[in-house]
>>> print(open('coords-v3.cif').read())   # mmCIF, C-alpha atoms
data_structure
loop_
_atom_site.label_atom_id
_atom_site.label_comp_id
_atom_site.auth_asym_id
_atom_site.auth_seq_id
_atom_site.Cartn_x
_atom_site.Cartn_y
_atom_site.Cartn_z
CA MET A 1 -145.14 -157.23 -68.36
CA SER A 2 -146.62 -154.58 -66.14
CA ARG A 3 -144.70 -152.48 -63.74
CA LYS A 4 -146.21 -154.23 -60.78
CA ASN A 5 -145.21 -157.70 -62.07
CA LEU A 6 -141.70 -156.46 -62.93
CA LYS A 7 -141.20 -155.24 -59.35
CA TYR A 8 -142.34 -158.61 -57.99
CA HIS A 9 -140.03 -160.47 -60.39
CA ILE A 10 -136.96 -158.41 -59.38
CA SER A 11 -137.58 -158.70 -55.66
CA SER A 12 -138.20 -162.46 -55.79
CA SER A 13 -135.03 -163.05 -57.85
CA LYS A 14 -132.87 -161.34 -55.21
CA HIS A 15 -133.81 -164.09 -52.78
CA TRP A 16 -132.19 -166.83 -54.91
CA PHE A 17 -128.74 -165.28 -55.49
CA GLY A 18 -125.76 -166.22 -53.23
CA PHE A 19 -125.44 -168.07 -49.94
CA THR A 20 -126.36 -166.96 -46.48
CA ILE A 21 -123.66 -166.39 -43.89
CA VAL A 22 -124.88 -169.42 -41.94
CA GLU A 23 -124.42 -171.70 -44.95
CA ILE A 24 -120.90 -170.40 -45.53
CA LEU A 25 -119.98 -170.89 -41.86
CA VAL A 26 -121.30 -174.47 -41.90
CA VAL A 27 -119.22 -175.31 -44.99
CA ILE A 28 -116.08 -173.72 -43.49
CA SER A 29 -116.52 -175.60 -40.20
CA ILE A 30 -116.97 -178.93 -42.03
CA MET A 31 -113.80 -178.26 -44.02
CA GLY A 32 -111.95 -177.41 -40.80
CA ILE A 33 -113.04 -180.69 -39.22
CA LEU A 34 -111.89 -182.67 -42.28
CA VAL A 35 -108.49 -180.94 -42.25
CA ALA A 36 -108.08 -181.61 -38.52
CA ILE A 37 -108.85 -185.29 -39.04
CA SER A 38 -106.48 -185.70 -42.00
CA MET A 39 -103.41 -183.87 -40.59
CA PRO A 40 -102.08 -186.71 -38.36
CA ALA A 41 -102.40 -189.20 -41.21
CA PHE A 42 -100.58 -186.86 -43.58
CA SER A 43 -97.74 -186.19 -41.13
CA ASN A 44 -97.27 -189.96 -40.57
CA TYR A 45 -97.20 -190.49 -44.33
CA GLU A 46 -94.65 -187.69 -44.78
CA ARG A 47 -92.39 -189.04 -41.99
CA ASN A 48 -92.59 -192.58 -43.41
CA ALA A 49 -91.71 -191.24 -46.86
CA ARG A 50 -88.61 -189.47 -45.46
CA VAL A 51 -87.34 -192.66 -43.78
CA ARG A 52 -88.10 -194.78 -46.86
CA HIS A 53 -86.33 -192.22 -49.07
CA SER A 54 -83.24 -192.28 -46.84
CA ALA A 55 -83.16 -196.09 -46.91
CA ARG A 56 -83.40 -196.05 -50.70
CA GLU A 57 -80.66 -193.42 -50.94
CA LEU A 58 -78.37 -195.46 -48.68
CA ARG A 59 -79.06 -198.60 -50.72
CA SER A 60 -78.34 -196.60 -53.90
CA LEU A 61 -75.05 -195.40 -52.40
CA PHE A 62 -74.05 -199.03 -51.76
CA TRP A 63 -75.14 -199.98 -55.29
CA GLU A 64 -73.11 -197.11 -56.74
CA ALA A 65 -70.00 -198.24 -54.86
CA GLN A 66 -70.54 -201.77 -56.11
CA ALA A 67 -71.10 -200.59 -59.70
CA LEU A 68 -67.97 -198.43 -59.60
CA SER A 69 -65.93 -201.40 -58.43
CA LEU A 70 -67.31 -203.56 -61.25
CA SER A 71 -66.60 -201.02 -64.00
CA PRO A 72 -63.20 -200.86 -65.62
CA SER A 73 -61.11 -198.52 -63.53
CA ASP A 74 -57.67 -197.17 -63.01
CA VAL A 75 -55.09 -199.59 -61.59
CA VAL A 76 -54.48 -197.23 -58.64
CA ILE A 77 -58.00 -197.67 -57.23
CA SER A 78 -58.33 -200.98 -55.41
CA SER A 79 -61.66 -200.42 -53.61
CA TYR A 80 -64.54 -198.08 -52.89
CA SER A 81 -65.49 -197.70 -49.23
CA ILE A 82 -68.30 -196.29 -47.10
CA HIS A 83 -67.94 -195.50 -43.40
CA LEU A 84 -71.07 -195.78 -41.20
CA VAL A 85 -71.46 -194.55 -37.61
CA ASP A 86 -74.30 -195.72 -35.36
CA GLY A 87 -76.60 -193.54 -33.26
CA SER A 88 -75.64 -189.99 -34.14
CA ASP A 89 -78.45 -187.53 -33.38
CA ASP A 90 -76.94 -184.79 -35.53
CA THR A 91 -76.83 -184.70 -39.30
CA ILE A 92 -74.76 -187.60 -40.63
CA ASP A 93 -72.68 -187.26 -43.77
CA ILE A 94 -71.93 -190.64 -45.32
CA SER A 95 -69.26 -190.46 -47.99
CA LEU A 96 -68.26 -192.81 -50.76
CA LYS A 97 -64.46 -192.79 -51.15
CA ASP A 98 -62.10 -194.60 -53.44
CA SER A 99 -58.92 -196.26 -52.13
CA THR A 100 -56.89 -193.12 -52.87
CA GLY A 101 -59.07 -191.16 -50.40
CA ILE A 102 -60.97 -189.08 -52.96
CA VAL A 103 -64.63 -188.56 -52.04
CA THR A 104 -66.85 -189.35 -55.02
CA LYS A 105 -70.25 -188.82 -53.40
CA ILE A 106 -71.70 -187.56 -50.09
CA PHE A 107 -75.06 -188.73 -48.73
CA ASN A 108 -76.64 -186.70 -45.93
CA LEU A 109 -79.10 -188.09 -43.36
CA ARG A 110 -81.46 -185.41 -42.05
CA LYS A 111 -81.71 -184.52 -38.38
CA THR A 112 -85.04 -186.36 -37.99
CA ILE A 113 -83.58 -189.60 -39.39
CA ARG A 114 -80.72 -191.52 -37.87
CA ILE A 115 -78.82 -194.78 -38.11
CA GLU A 116 -80.32 -196.65 -35.20
CA ASP A 117 -78.33 -199.86 -35.35
CA ILE A 118 -75.64 -201.64 -37.35
CA VAL A 119 -75.94 -205.40 -36.93
CA LEU A 120 -73.32 -207.83 -38.16
CA THR A 121 -74.25 -211.49 -38.62
CA THR A 122 -71.42 -213.96 -38.27
CA SER A 123 -71.24 -217.74 -38.10
CA THR A 124 -71.46 -217.53 -34.30
CA GLY A 125 -74.45 -215.14 -34.12
CA THR A 126 -75.24 -211.44 -34.39
CA ARG A 127 -73.77 -208.41 -32.70
CA SER A 128 -74.24 -204.66 -32.86
CA LEU A 129 -71.46 -202.39 -34.04
CA ASN A 130 -70.87 -198.71 -33.34
CA GLU A 131 -69.26 -198.13 -36.70
CA VAL A 132 -68.21 -200.13 -39.74
CA ASP A 133 -66.39 -199.66 -43.03
CA ILE A 134 -67.87 -201.35 -46.07
CA SER A 135 -65.51 -201.89 -49.00
CA PHE A 136 -66.28 -202.99 -52.53
CA LEU A 137 -63.16 -204.49 -54.07
CA THR A 138 -62.14 -203.88 -57.65
CA GLY A 139 -60.37 -206.32 -59.93
CA ASN A 140 -61.11 -208.99 -62.51
CA ARG A 141 -62.13 -211.87 -60.27
CA GLN A 142 -63.28 -210.03 -57.17
CA GLY A 143 -64.88 -206.94 -58.71
CA GLY A 144 -67.98 -205.86 -56.83
CA SER A 145 -67.46 -208.22 -53.91
CA MET A 146 -67.95 -206.57 -50.56
CA SER A 147 -65.99 -206.79 -47.36
CA PHE A 148 -66.60 -205.32 -43.92
CA SER A 149 -64.08 -203.98 -41.43
CA GLU A 150 -65.37 -206.64 -39.04
CA ASP A 151 -65.56 -210.31 -40.02
CA GLY A 152 -69.12 -211.28 -40.94
CA SER A 153 -71.42 -212.44 -43.72
CA VAL A 154 -74.47 -210.13 -43.48
CA LEU A 155 -74.53 -206.49 -42.43
CA THR A 156 -77.86 -204.87 -41.55
CA VAL A 157 -78.11 -201.07 -41.23
CA VAL A 158 -81.30 -199.93 -39.47
CA ILE A 159 -82.50 -196.41 -40.33
CA ALA A 160 -85.19 -194.92 -38.10
CA SER A 161 -87.20 -191.75 -37.67
CA ASP A 162 -87.29 -189.57 -34.59
CA PRO A 163 -88.39 -191.88 -31.72
CA ASP A 164 -90.27 -189.12 -29.90
CA ILE A 165 -93.02 -188.93 -32.52
CA SER A 166 -93.49 -192.45 -33.86
CA ARG A 167 -90.99 -195.14 -34.57
CA LEU A 168 -90.57 -195.96 -38.26
CA GLN A 169 -87.73 -198.22 -39.35
CA TYR A 170 -86.24 -199.49 -42.57
CA LYS A 171 -83.26 -201.76 -42.83
CA VAL A 172 -80.67 -201.99 -45.57
CA VAL A 173 -79.16 -205.48 -45.78
CA LEU A 174 -75.76 -206.22 -47.35
CA ASP A 175 -75.28 -209.95 -47.91
CA ARG A 176 -71.71 -210.98 -48.77
CA ALA A 177 -72.57 -214.58 -49.72
CA ARG A 178 -75.24 -213.53 -52.22
CA ASN A 179 -73.43 -210.30 -53.09
CA SER A 180 -76.78 -208.50 -52.77
CA ILE A 181 -77.99 -205.20 -51.31
CA THR A 182 -81.67 -204.89 -50.37
CA TYR A 183 -83.90 -202.74 -48.15
CA GLU A 184 -87.18 -203.46 -46.39
CA LYS A 185 -89.51 -201.99 -43.81
CA THR A 186 -89.27 -203.49 -40.33
#
>>> encode(input="coords-v3.cif", output="structure tokens")
Amino acid sequence: MSRKNLKYHISSSKHWFGFTIVEILVVISIMGILVAISMPAFSNYERNARVRHSARELRSLFWEAQALSLSPSDVVISSYSIHLVDGSDDTIDISLKDSTGIVTKIFNLRKTIRIEDIVLTTSTGTRSLNEVDISFLTGNRQGGSMSFSEDGSVLTVVIASDPDISRLQYKVVLDRARNSITYEKT
């Protein structure tokens, strides 16, 4: 290769290396647009996941109380209870206690999630409660059966996200007749 051809080869190869500043700016602006479009969807997904997680945790707390009441236990313990309060905007601590008053587990609702409603279904209809105690009785014949501080057959606890952003709700349903605890999105 002659010196003249070598110079042409080196100078032409410099043209093909790298990207121009305009190409880089176009790619960065396209990525910025995609991020801006996807952020609201991601924040809705994250908020929905927090509410769903809290509903599952509350259901698990009820299941744990029921399982503890079904397992062989000390004669002193006659029930496991959970106290729920409606509508608190601050952080809510829900505790699982045995009949002697010892706290066995604490469940914490975050500030962005709250208990929106506690609905009790009776033979005469439904009504909202401000607070309720749920007890799971121990014993041979009644182990695991639930009772509420108010007379009723089905208790529905509605958990919701912050209403200022978007309203997401899940409900945890305790059915005394079926002795079941479920949750679902509303």
>>> closest_residue(input="coords-v3.cif", among="A:Leu109, A:Phe136, A:Met146, A:Arg167", to="A:Ala55", atoms="only C-alpha atoms")
A:Leu109
>>> residues_around(input="coords-v3.cif", residues="A:Glu131", least_positions_apart="6", cutoff="8 Å", atoms="all atoms listed in the file", output="PyMOL selection string")
chain A and resi 83-86+118
>>> write_last_selection(input="coords-v3.cif", atoms="C-alpha atoms", output="CSV table (one decimal), in the coordinates of the input")
chain,number,residue,atom,x,y,z
A,83,HIS,CA,-67.9,-195.5,-43.4
A,84,LEU,CA,-71.1,-195.8,-41.2
A,85,VAL,CA,-71.5,-194.6,-37.6
A,86,ASP,CA,-74.3,-195.7,-35.4
A,118,ILE,CA,-75.6,-201.6,-37.4
>>> closest_residue(input="coords-v3.cif", among="A:Asn108, A:Ser128, A:Gln169, A:Thr138", to="A:Leu58", atoms="all atoms listed in the file")
A:Asn108
>>> residues_around(input="coords-v3.cif", residues="A:Asp117", least_positions_apart="2", cutoff="10 Å", atoms="all atoms listed in the file", output="NGL selection string")
:A and (85-87 or 114-115 or 119-120 or 128-131 or 156-160 or 171)
>>> atom_distance(input="coords-v3.cif", atom1="atom CA of A:Ile77", atom2="atom CA of A:Leu61")
17.9 Å
>>> resolve_selection(input="coords-v3.cif", expression="the PyMOL selection byres ((chain A and resi 99-104) around 9)", output="CSV table (one decimal) with C-alpha atoms, keeping the file's coordinate frame")
chain,number,residue,atom,x,y,z
A,76,VAL,CA,-54.5,-197.2,-58.6
A,77,ILE,CA,-58.0,-197.7,-57.2
A,78,SER,CA,-58.3,-201.0,-55.4
A,79,SER,CA,-61.7,-200.4,-53.6
A,80,TYR,CA,-64.5,-198.1,-52.9
A,81,SER,CA,-65.5,-197.7,-49.2
A,95,SER,CA,-69.3,-190.5,-48.0
A,96,LEU,CA,-68.3,-192.8,-50.8
A,97,LYS,CA,-64.5,-192.8,-51.2
A,98,ASP,CA,-62.1,-194.6,-53.4
A,105,LYS,CA,-70.2,-188.8,-53.4
A,106,ILE,CA,-71.7,-187.6,-50.1
>>> decode(input="coords-v3.cif", residues="stretch 22-153 of chain A", atoms="C-alpha atoms", output="PDB file, in the first residue's frame")
ATOM      1  CA  VAL A  22     -27.216  14.810  17.231  1.00  0.00           C
ATOM      2  CA  GLU A  23     -27.729  11.038  17.197  1.00  0.00           C
ATOM      3  CA  ILE A  24     -26.987  10.797  20.911  1.00  0.00           C
ATOM      4  CA  LEU A  25     -29.398  13.644  21.713  1.00  0.00           C
ATOM      5  CA  VAL A  26     -32.167  11.999  19.660  1.00  0.00           C
ATOM      6  CA  VAL A  27     -31.728   8.696  21.516  1.00  0.00           C
ATOM      7  CA  ILE A  28     -31.701  10.438  24.916  1.00  0.00           C
ATOM      8  CA  SER A  29     -34.850  12.424  24.090  1.00  0.00           C
ATOM      9  CA  ILE A  30     -36.677   9.257  22.943  1.00  0.00           C
ATOM     10  CA  MET A  31     -35.692   7.522  26.182  1.00  0.00           C
ATOM     11  CA  GLY A  32     -36.925  10.536  28.174  1.00  0.00           C
ATOM     12  CA  ILE A  33     -40.293  10.422  26.417  1.00  0.00           C
ATOM     13  CA  LEU A  34     -40.651   6.681  27.124  1.00  0.00           C
ATOM     14  CA  VAL A  35     -39.828   7.188  30.810  1.00  0.00           C
ATOM     15  CA  ALA A  36     -42.326  10.057  31.069  1.00  0.00           C
ATOM     16  CA  ILE A  37     -45.044   7.889  29.533  1.00  0.00           C
ATOM     17  CA  SER A  38     -44.352   4.875  31.762  1.00  0.00           C
ATOM     18  CA  MET A  39     -44.066   6.658  35.153  1.00  0.00           C
ATOM     19  CA  PRO A  40     -47.828   7.070  35.852  1.00  0.00           C
ATOM     20  CA  ALA A  41     -48.461   3.420  35.005  1.00  0.00           C
ATOM     21  CA  PHE A  42     -45.628   2.312  37.281  1.00  0.00           C
ATOM     22  CA  SER A  43     -46.798   4.459  40.205  1.00  0.00           C
ATOM     23  CA  ASN A  44     -50.358   3.061  39.865  1.00  0.00           C
ATOM     24  CA  TYR A  45     -48.947  -0.467  39.820  1.00  0.00           C
ATOM     25  CA  GLU A  46     -46.823   0.241  42.896  1.00  0.00           C
ATOM     26  CA  ARG A  47     -49.769   1.764  44.823  1.00  0.00           C
ATOM     27  CA  ASN A  48     -52.026  -1.174  43.882  1.00  0.00           C
ATOM     28  CA  ALA A  49     -49.332  -3.610  45.017  1.00  0.00           C
ATOM     29  CA  ARG A  50     -49.099  -1.865  48.431  1.00  0.00           C
ATOM     30  CA  VAL A  51     -52.867  -2.092  48.993  1.00  0.00           C
ATOM     31  CA  ARG A  52     -52.987  -5.714  47.799  1.00  0.00           C
ATOM     32  CA  HIS A  53     -50.049  -6.576  50.067  1.00  0.00           C
ATOM     33  CA  SER A  54     -51.774  -4.993  53.082  1.00  0.00           C
ATOM     34  CA  ALA A  55     -54.982  -6.915  52.348  1.00  0.00           C
ATOM     35  CA  ARG A  56     -53.020 -10.161  52.121  1.00  0.00           C
ATOM     36  CA  GLU A  57     -51.175  -9.378  55.351  1.00  0.00           C
ATOM     37  CA  LEU A  58     -54.443  -8.656  57.168  1.00  0.00           C
ATOM     38  CA  ARG A  59     -55.958 -11.883  55.822  1.00  0.00           C
ATOM     39  CA  SER A  60     -52.814 -13.740  56.947  1.00  0.00           C
ATOM     40  CA  LEU A  61     -53.147 -12.210  60.413  1.00  0.00           C
ATOM     41  CA  PHE A  62     -56.726 -13.529  60.620  1.00  0.00           C
ATOM     42  CA  TRP A  63     -55.574 -16.938  59.357  1.00  0.00           C
ATOM     43  CA  GLU A  64     -52.794 -17.004  61.945  1.00  0.00           C
ATOM     44  CA  ALA A  65     -55.255 -16.261  64.753  1.00  0.00           C
ATOM     45  CA  GLN A  66     -57.529 -19.006  63.475  1.00  0.00           C
ATOM     46  CA  ALA A  67     -54.629 -21.483  63.172  1.00  0.00           C
ATOM     47  CA  LEU A  68     -53.424 -20.676  66.690  1.00  0.00           C
ATOM     48  CA  SER A  69     -56.900 -21.319  68.050  1.00  0.00           C
ATOM     49  CA  LEU A  70     -57.067 -24.675  66.249  1.00  0.00           C
ATOM     50  CA  SER A  71     -53.678 -25.894  67.472  1.00  0.00           C
ATOM     51  CA  PRO A  72     -53.360 -27.586  70.835  1.00  0.00           C
ATOM     52  CA  SER A  73     -52.798 -24.857  73.369  1.00  0.00           C
ATOM     53  CA  ASP A  74     -52.544 -24.112  77.023  1.00  0.00           C
ATOM     54  CA  VAL A  75     -55.773 -24.332  79.026  1.00  0.00           C
ATOM     55  CA  VAL A  76     -55.363 -20.692  80.125  1.00  0.00           C
ATOM     56  CA  ILE A  77     -55.786 -19.310  76.593  1.00  0.00           C
ATOM     57  CA  SER A  78     -59.442 -19.311  75.570  1.00  0.00           C
ATOM     58  CA  SER A  79     -59.259 -17.122  72.437  1.00  0.00           C
ATOM     59  CA  TYR A  80     -57.103 -15.047  70.120  1.00  0.00           C
ATOM     60  CA  SER A  81     -58.434 -11.591  69.269  1.00  0.00           C
ATOM     61  CA  ILE A  82     -57.783  -8.766  66.826  1.00  0.00           C
ATOM     62  CA  HIS A  83     -59.023  -5.204  67.351  1.00  0.00           C
ATOM     63  CA  LEU A  84     -59.785  -3.106  64.229  1.00  0.00           C
ATOM     64  CA  VAL A  85     -60.457   0.647  64.115  1.00  0.00           C
ATOM     65  CA  ASP A  86     -62.050   2.334  61.092  1.00  0.00           C
ATOM     66  CA  GLY A  87     -60.833   5.456  59.307  1.00  0.00           C
ATOM     67  CA  SER A  88     -57.561   6.319  60.996  1.00  0.00           C
ATOM     68  CA  ASP A  89     -55.342   8.474  58.777  1.00  0.00           C
ATOM     69  CA  ASP A  90     -52.222   7.783  60.832  1.00  0.00           C
ATOM     70  CA  THR A  91     -50.292   4.553  60.951  1.00  0.00           C
ATOM     71  CA  ILE A  92     -52.459   1.772  62.361  1.00  0.00           C
ATOM     72  CA  ASP A  93     -50.985  -1.012  64.469  1.00  0.00           C
ATOM     73  CA  ILE A  94     -53.220  -4.082  64.476  1.00  0.00           C
ATOM     74  CA  SER A  95     -52.222  -6.590  67.122  1.00  0.00           C
ATOM     75  CA  LEU A  96     -53.016 -10.239  67.605  1.00  0.00           C
ATOM     76  CA  LYS A  97     -53.507 -10.973  71.322  1.00  0.00           C
ATOM     77  CA  ASP A  98     -54.327 -14.088  73.247  1.00  0.00           C
ATOM     78  CA  SER A  99     -56.969 -14.100  75.996  1.00  0.00           C
ATOM     79  CA  THR A 100     -54.310 -13.432  78.650  1.00  0.00           C
ATOM     80  CA  GLY A 101     -53.481 -10.107  76.938  1.00  0.00           C
ATOM     81  CA  ILE A 102     -50.095 -11.106  75.520  1.00  0.00           C
ATOM     82  CA  VAL A 103     -49.446  -9.668  72.045  1.00  0.00           C
ATOM     83  CA  THR A 104     -48.222 -12.401  69.710  1.00  0.00           C
ATOM     84  CA  LYS A 105     -47.954 -10.372  66.498  1.00  0.00           C
ATOM     85  CA  ILE A 106     -48.276  -6.741  65.355  1.00  0.00           C
ATOM     86  CA  PHE A 107     -49.321  -5.777  61.827  1.00  0.00           C
ATOM     87  CA  ASN A 108     -48.710  -2.188  60.707  1.00  0.00           C
ATOM     88  CA  LEU A 109     -50.715  -0.378  58.020  1.00  0.00           C
ATOM     89  CA  ARG A 110     -48.669   2.310  56.281  1.00  0.00           C
ATOM     90  CA  LYS A 111     -49.700   5.956  56.223  1.00  0.00           C
ATOM     91  CA  THR A 112     -50.841   5.753  52.584  1.00  0.00           C
ATOM     92  CA  ILE A 113     -53.155   2.808  53.317  1.00  0.00           C
ATOM     93  CA  ARG A 114     -56.068   2.881  55.708  1.00  0.00           C
ATOM     94  CA  ILE A 115     -59.056   0.884  56.875  1.00  0.00           C
ATOM     95  CA  GLU A 116     -61.814   2.654  55.018  1.00  0.00           C
ATOM     96  CA  ASP A 117     -64.825   0.746  56.277  1.00  0.00           C
ATOM     97  CA  ILE A 118     -65.825  -2.135  58.527  1.00  0.00           C
ATOM     98  CA  VAL A 119     -69.170  -3.566  57.436  1.00  0.00           C
ATOM     99  CA  LEU A 120     -71.095  -6.104  59.484  1.00  0.00           C
ATOM    100  CA  THR A 121     -73.796  -8.180  57.798  1.00  0.00           C
ATOM    101  CA  THR A 122     -76.581  -9.383  60.045  1.00  0.00           C
ATOM    102  CA  SER A 123     -79.904 -11.091  59.420  1.00  0.00           C
ATOM    103  CA  THR A 124     -81.579  -7.671  59.249  1.00  0.00           C
ATOM    104  CA  GLY A 125     -79.095  -6.040  56.830  1.00  0.00           C
ATOM    105  CA  THR A 126     -75.684  -4.387  56.839  1.00  0.00           C
ATOM    106  CA  ARG A 127     -74.224  -1.599  58.921  1.00  0.00           C
ATOM    107  CA  SER A 128     -70.888   0.139  59.262  1.00  0.00           C
ATOM    108  CA  LEU A 129     -68.884  -0.072  62.462  1.00  0.00           C
ATOM    109  CA  ASN A 130     -66.222   2.262  63.809  1.00  0.00           C
ATOM    110  CA  GLU A 131     -64.351  -0.541  65.510  1.00  0.00           C
ATOM    111  CA  VAL A 132     -64.716  -4.261  66.106  1.00  0.00           C
ATOM    112  CA  ASP A 133     -63.019  -7.074  67.984  1.00  0.00           C
ATOM    113  CA  ILE A 134     -62.659 -10.378  66.175  1.00  0.00           C
ATOM    114  CA  SER A 135     -62.094 -13.428  68.367  1.00  0.00           C
ATOM    115  CA  PHE A 136     -61.123 -16.948  67.376  1.00  0.00           C
ATOM    116  CA  LEU A 137     -62.202 -19.345  70.109  1.00  0.00           C
ATOM    117  CA  THR A 138     -60.078 -22.260  71.232  1.00  0.00           C
ATOM    118  CA  GLY A 139     -61.341 -25.609  72.443  1.00  0.00           C
ATOM    119  CA  ASN A 140     -62.177 -29.068  71.158  1.00  0.00           C
ATOM    120  CA  ARG A 141     -65.553 -28.420  69.546  1.00  0.00           C
ATOM    121  CA  GLN A 142     -65.324 -24.716  68.820  1.00  0.00           C
ATOM    122  CA  GLY A 143     -61.644 -24.373  67.906  1.00  0.00           C
ATOM    123  CA  GLY A 144     -61.098 -21.888  65.105  1.00  0.00           C
ATOM    124  CA  SER A 145     -64.648 -20.561  65.121  1.00  0.00           C
ATOM    125  CA  MET A 146     -64.831 -16.799  64.986  1.00  0.00           C
ATOM    126  CA  SER A 147     -66.972 -14.351  66.860  1.00  0.00           C
ATOM    127  CA  PHE A 148     -67.334 -10.589  66.580  1.00  0.00           C
ATOM    128  CA  SER A 149     -67.901  -8.046  69.329  1.00  0.00           C
ATOM    129  CA  GLU A 150     -71.110  -7.127  67.499  1.00  0.00           C
ATOM    130  CA  ASP A 151     -73.698  -9.744  66.535  1.00  0.00           C
ATOM    131  CA  GLY A 152     -73.404 -10.635  62.853  1.00  0.00           C
ATOM    132  CA  SER A 153     -72.582 -13.368  60.361  1.00  0.00           C
TER     133      SER A 153
END
